[in-house]
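Step one of this worksheet: look at the structure below.
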Amino acid sequence: MDKKVKVEPSKKLTELPPYLFGAIDVLKKEARSKKLDVIDLGMGNPDIETSAHVVERLCDTVKNHPKTHRYPQAKGMPKFRLAVADWYKKKFNVDLNPENEVLALVGSKEGVAHLCMAYLDPGDTALVTNPCYPVHRNGIILAGGQPYDIPISEDNNYIPDLKKIPAEVASKAKLMFINYPNNPTTAVLEDTKFFEEVVEFASKHNIVVCQDFAYSEITYDGYKAPSFMEVEGAKDVGMELHSFSKTYNMAGWRVGYCVGGKDLIKPLEKMKSYLDYGVFTAIQLSGIKALKGPQKCVRETVKEYRRRQKKLVDGLNKIGWSAKLPKATMYLWMRLPENFRDMNSLEFAELLIEKTGIAVAPGIGFGAYGEGFVRIAVVTHYQRFHDVLLRLKEFLKEGPPK
Ligand SMILES: Cc1ncc(COP(=O)(O)O)c(C=O)c1O
């Protein structure tokens with residue numbers, strides 16, 4: 001007798017589309033099995049090493065301070081929260097009370113998912129841009145909520161037009177995600193005007209705002225990304241999430257944080273207290289080292305991404321795929337090349353990897369309004385972009401399948 005149980009996963013999980021990068025992984029595996037030399041520009045997974053002084057802090061702590069091997073302080077050790085508050089003061093002249101306006105996260109992705117669970121009951125509405133970083137939307141669905149998509153496109157500079165959100169939707173929405181500098185579109189805010197509108201809108205309709213600031217430091221040519229916390233009233237309506245993943249190339253370490261109004265971040269802290277034990281103390285100490293140590297590593301990371309982006313953008317324009325340098329992030333958000341526009345973004349990404357070994361992220365993976373685009377992450381070393389361009393040149397010359 002077959003003893004295997006057959007239990008369906010939850011409807012919420014079943015109804016979610018396959019995880020974008022899971023789908024790319026399958027394509028990469030297939031390409032490798034055909035002996036293709038895969039160049040992975042799909043996931044925004046930084047390839048630059050974490051700085052030596054941060055790594056050393058971790059090694060020293062783990063080796064010489066065994067007390068850190070115990071469960072950590074879930075909301076973040078006081079020193080960690082203070083380092084975050086100091087960083088905000090220095091960077092944005094924003095005052096944060098480290099006691100109750102800063103919360104450590106096991107990466108900002110986890111923070112988004114748990115925030116949705118903290119605020120949403122089944123059927124509750126939450127506002128999210130489309131396209132978006134996938135967990136903003138999927139976190140809402142996994143918490144049983146109903147995402148309401150705010151389309152962003154070139155027409156609105158990828159910035160939501162809040163006036164277009166119907167009053168009956170705004171009045172029932174509980175939560176709203178925004179993300180500038182934006183993944184996947186690379187859009188930025190030139191000033192705090194949109195954030196001011198968001199404060200006004202959220203306050204009027206009683207909505208908690210979560211601004212995802214994962215790319216705050218990956219900015220170019222003198223552009224400085226504004227913080228939501230700089231805007232008057234921001235703490236009354238929401239919070240901002242940060243990640244060490246991109247700023248300090250610590251994606252695998254799993255450490256981030258949330259700052260914002262104390263009453264608004266409290267439910268997230270409570271939800272997390274039931275579900276996780278916080279960030280490993282040795283990693284919190286390494287995070288402090290990153291925040292307080294020399295920031296040359298951040299400048300070098302940014303410089304290297306820019307060098308790669310310039311090489312790629314120059315080359316793409318030469319081979320007939322129109323590209324522009326973004327003001328922030330390590331991505332290019334690219335409309336499909338002209339003669340491939342009969343294909344959708346997934347078909348294009350599949351064909352691209354099959355023919356060239358180059359993996360990119362299809363725009364549809366970030367939402368229906370991402371269709372027609374692909375996102376390219378410059379997360380491989382500079383010299384590789386020479387190969388990327390040679391392969392793309394051939395690919396474009398050959399054109400779409402007849
Ligand atoms: C907008 C955005 N937020 C959060 C994250 C994830 O950050 P973390 O590694 O801190 O979970 C990413 C990663 O790509 C991202 O693009």
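FYI, nothing fancy with the structure tokens labels: chains A, B, ... in order, residues from 1 per chain, ligands from 1 as they appear.
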
Original post:
Any idea what's packed within 10 Å of Pro17 in chain A, counting only C-alpha atoms, ignoring anything in its chain fewer than 6 positions away? Could you give it as number ranges by chain?
Top reply: A: 23, 138, 365

**OP:** Kindly compile the residues surrounding ligand 1 within 9 Å, counting only C-alpha atoms and all ligand atoms, and format them as a ChimeraX atom specification.
**Re:** /A:43-45,105-112,132-136,178-184,212-215,241-246,250-257,329

Original post:
For Val199 in chain A, which residue among A:Ala328, A:Met176, A:Ala349, A:Ile159 is the nearest when counting only C-alpha atoms?
Top reply: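 Nearest to Val199 in chain A: A:Met176.
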
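Ranking A:Val188, A:Ile265, A:Arg307, A:Glu371 by their shortest atom-to-atom distance to Pro226 in chain A, with only C-alpha atoms included, puts A:Val188 first.
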
**OP:** Please provide the set of residues having any atom within 8 Å of Ala173 in chain A, restricted to only C-alpha atoms, with same-chain residues fewer than 6 positions apart removed, written as a list in words.
**Re:** Asp124, Thr125, Ala126, Leu127, His205, Asn206 and Ile207 of chain A

Same residues, C-alpha atoms, output as a PDB file, in the first residue's frame:
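Printed below is result38.pdb as written:
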ATOM      1  CA  ASP A 124      -7.597  43.290   3.638  1.00  0.00           C
ATOM      2  CA  THR A 125      -6.409  45.598   0.884  1.00  0.00           C
ATOM      3  CA  ALA A 126      -2.807  46.719   0.478  1.00  0.00           C
ATOM      4  CA  LEU A 127      -1.431  49.030  -2.200  1.00  0.00           C
ATOM      5  CA  HIS A 205      -6.798  57.512   4.308  1.00  0.00           C
ATOM      6  CA  ASN A 206      -5.256  55.934   7.404  1.00  0.00           C
ATOM      7  CA  ILE A 207      -2.694  53.740   5.632  1.00  0.00           C
TER       8      ILE A 207
END

Original post:
Among range 15-84 of chain A, which ones does DSSP place in helix (DSSP H, G or I), written as a ChimeraX atom specification?
Top reply: /A:15,20-33,52-64,66-69,78-84

**OP:** Select from range 39-144 of chain A everything DSSP, run on the backbone, classes as strand (DSSP E), then give the selection as number ranges by chain.
**Re:** A: 39-40, 102-105, 125-130

Output the selection as a PDB file, in the first residue's frame - C-alpha atoms for each residue.
ATOM      1  CA  ILE A  39      26.548  34.354 -17.447  1.00  0.00           C
ATOM      2  CA  ASP A  40      24.083  35.118 -14.696  1.00  0.00           C
ATOM      3  CA  VAL A 102      14.781  51.024  15.083  1.00  0.00           C
ATOM      4  CA  LEU A 103      14.263  47.291  14.630  1.00  0.00           C
ATOM      5  CA  ALA A 104      16.787  44.726  13.336  1.00  0.00           C
ATOM      6  CA  LEU A 105      15.577  42.449  10.524  1.00  0.00           C
ATOM      7  CA  THR A 125      -6.409  45.598   0.884  1.00  0.00           C
ATOM      8  CA  ALA A 126      -2.807  46.719   0.478  1.00  0.00           C
ATOM      9  CA  LEU A 127      -1.431  49.030  -2.200  1.00  0.00           C
ATOM     10  CA  VAL A 128       1.601  48.053  -4.196  1.00  0.00           C
ATOM     11  CA  THR A 129       3.224  49.301  -7.356  1.00  0.00           C
ATOM     12  CA  ASN A 130       3.228  47.114 -10.424  1.00  0.00           C
TER      13      ASN A 130
END

**OP:** Find the spatial neighbours of Ile358 in chain A, counting only C-alpha atoms, within a cut-off of 9 Å - ignore same-chain residues fewer than 5 positions away - and output them as a PyMOL selection string.
**Re:** chain A and resi 28+37-42+349+352-353+388+391-392

Subject >> Spatial neighbours of Leu96 in chain A, 12 Å, only C-alpha atoms, chain gap at least 4 places, as a ChimeraX atom specification >> reply: /A:81-90,92,100-103,229-230,234-235,239-240,258-262

Original post:
How far is it from CA of Phe201 in chain A to CA of Lys224 in chain A, in Å with one decimal?
Top reply: 24.5 Å

Original post:
Hey, what's within 12 Å of Gly293 in chain A if we count only C-alpha atoms and toss same-chain stuff fewer than 2 positions away? As a list in words, please?
Top reply: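 Final neighbour list, sorted by chain and number: Ser51, Ala52, His53, Val54, Arg57, Ala83, Trp87, Tyr248, Leu285, Ser286, Gly287, Ile288, Lys289, Ala290, Leu291, Gln295, Lys296, Cys297 and Val298 of chain A.
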
Would you pick out the contacts of Ile140 in chain A at 8 Å or less, using only C-alpha atoms, so that residues sharing its chain but fewer than 4 positions from it are not included, and give the list as a CSV table (one decimal) with C-alpha atoms, in the first residue's frame?
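For reference, part27.csv as written:
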chain,number,residue,atom,x,y,z
A,113,ALA,CA,6.7,39.4,4.6
A,116,CYS,CA,2.2,42.0,5.9
A,117,MET,CA,1.4,39.4,8.4
A,120,LEU,CA,-3.3,42.3,7.2
A,126,ALA,CA,-2.8,46.7,0.5
A,135,VAL,CA,7.8,40.1,-2.1
A,136,HIS,CA,6.0,43.4,-1.8
A,144,GLY,CA,-4.2,36.6,3.0
A,145,GLY,CA,-4.5,40.2,1.8
A,146,GLN,CA,-5.7,41.6,-1.5
A,147,PRO,CA,-3.0,43.6,-3.4

**OP:** Could you tell me how far CA of His386 in chain A lies from CA of Lys327 in chain A, in Å and to one decimal?
**Re:**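 Between CA of His386 in chain A and CA of Lys327 in chain A the gap works out to 22.7 Å.
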
Original post:
With distances taken over only C-alpha atoms, which of A:Leu175, A:Ala323, A:Val374, A:Leu351 is nearest to Ala202 in chain A?
Top reply: A:Leu175

**OP:** Between CA of Thr356 in chain A and CA of Asp387 in chain A, measure the distance and give it in Å to one decimal.
**Re:**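 Between these atoms lies a distance of 9.8 Å.
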
Original post:
Quick one: of A:Leu390, A:Trp333, A:Pro166, A:Glu49, who's nearest to Gly357 in chain A, counting only C-alpha atoms?
Top reply: A:Leu390
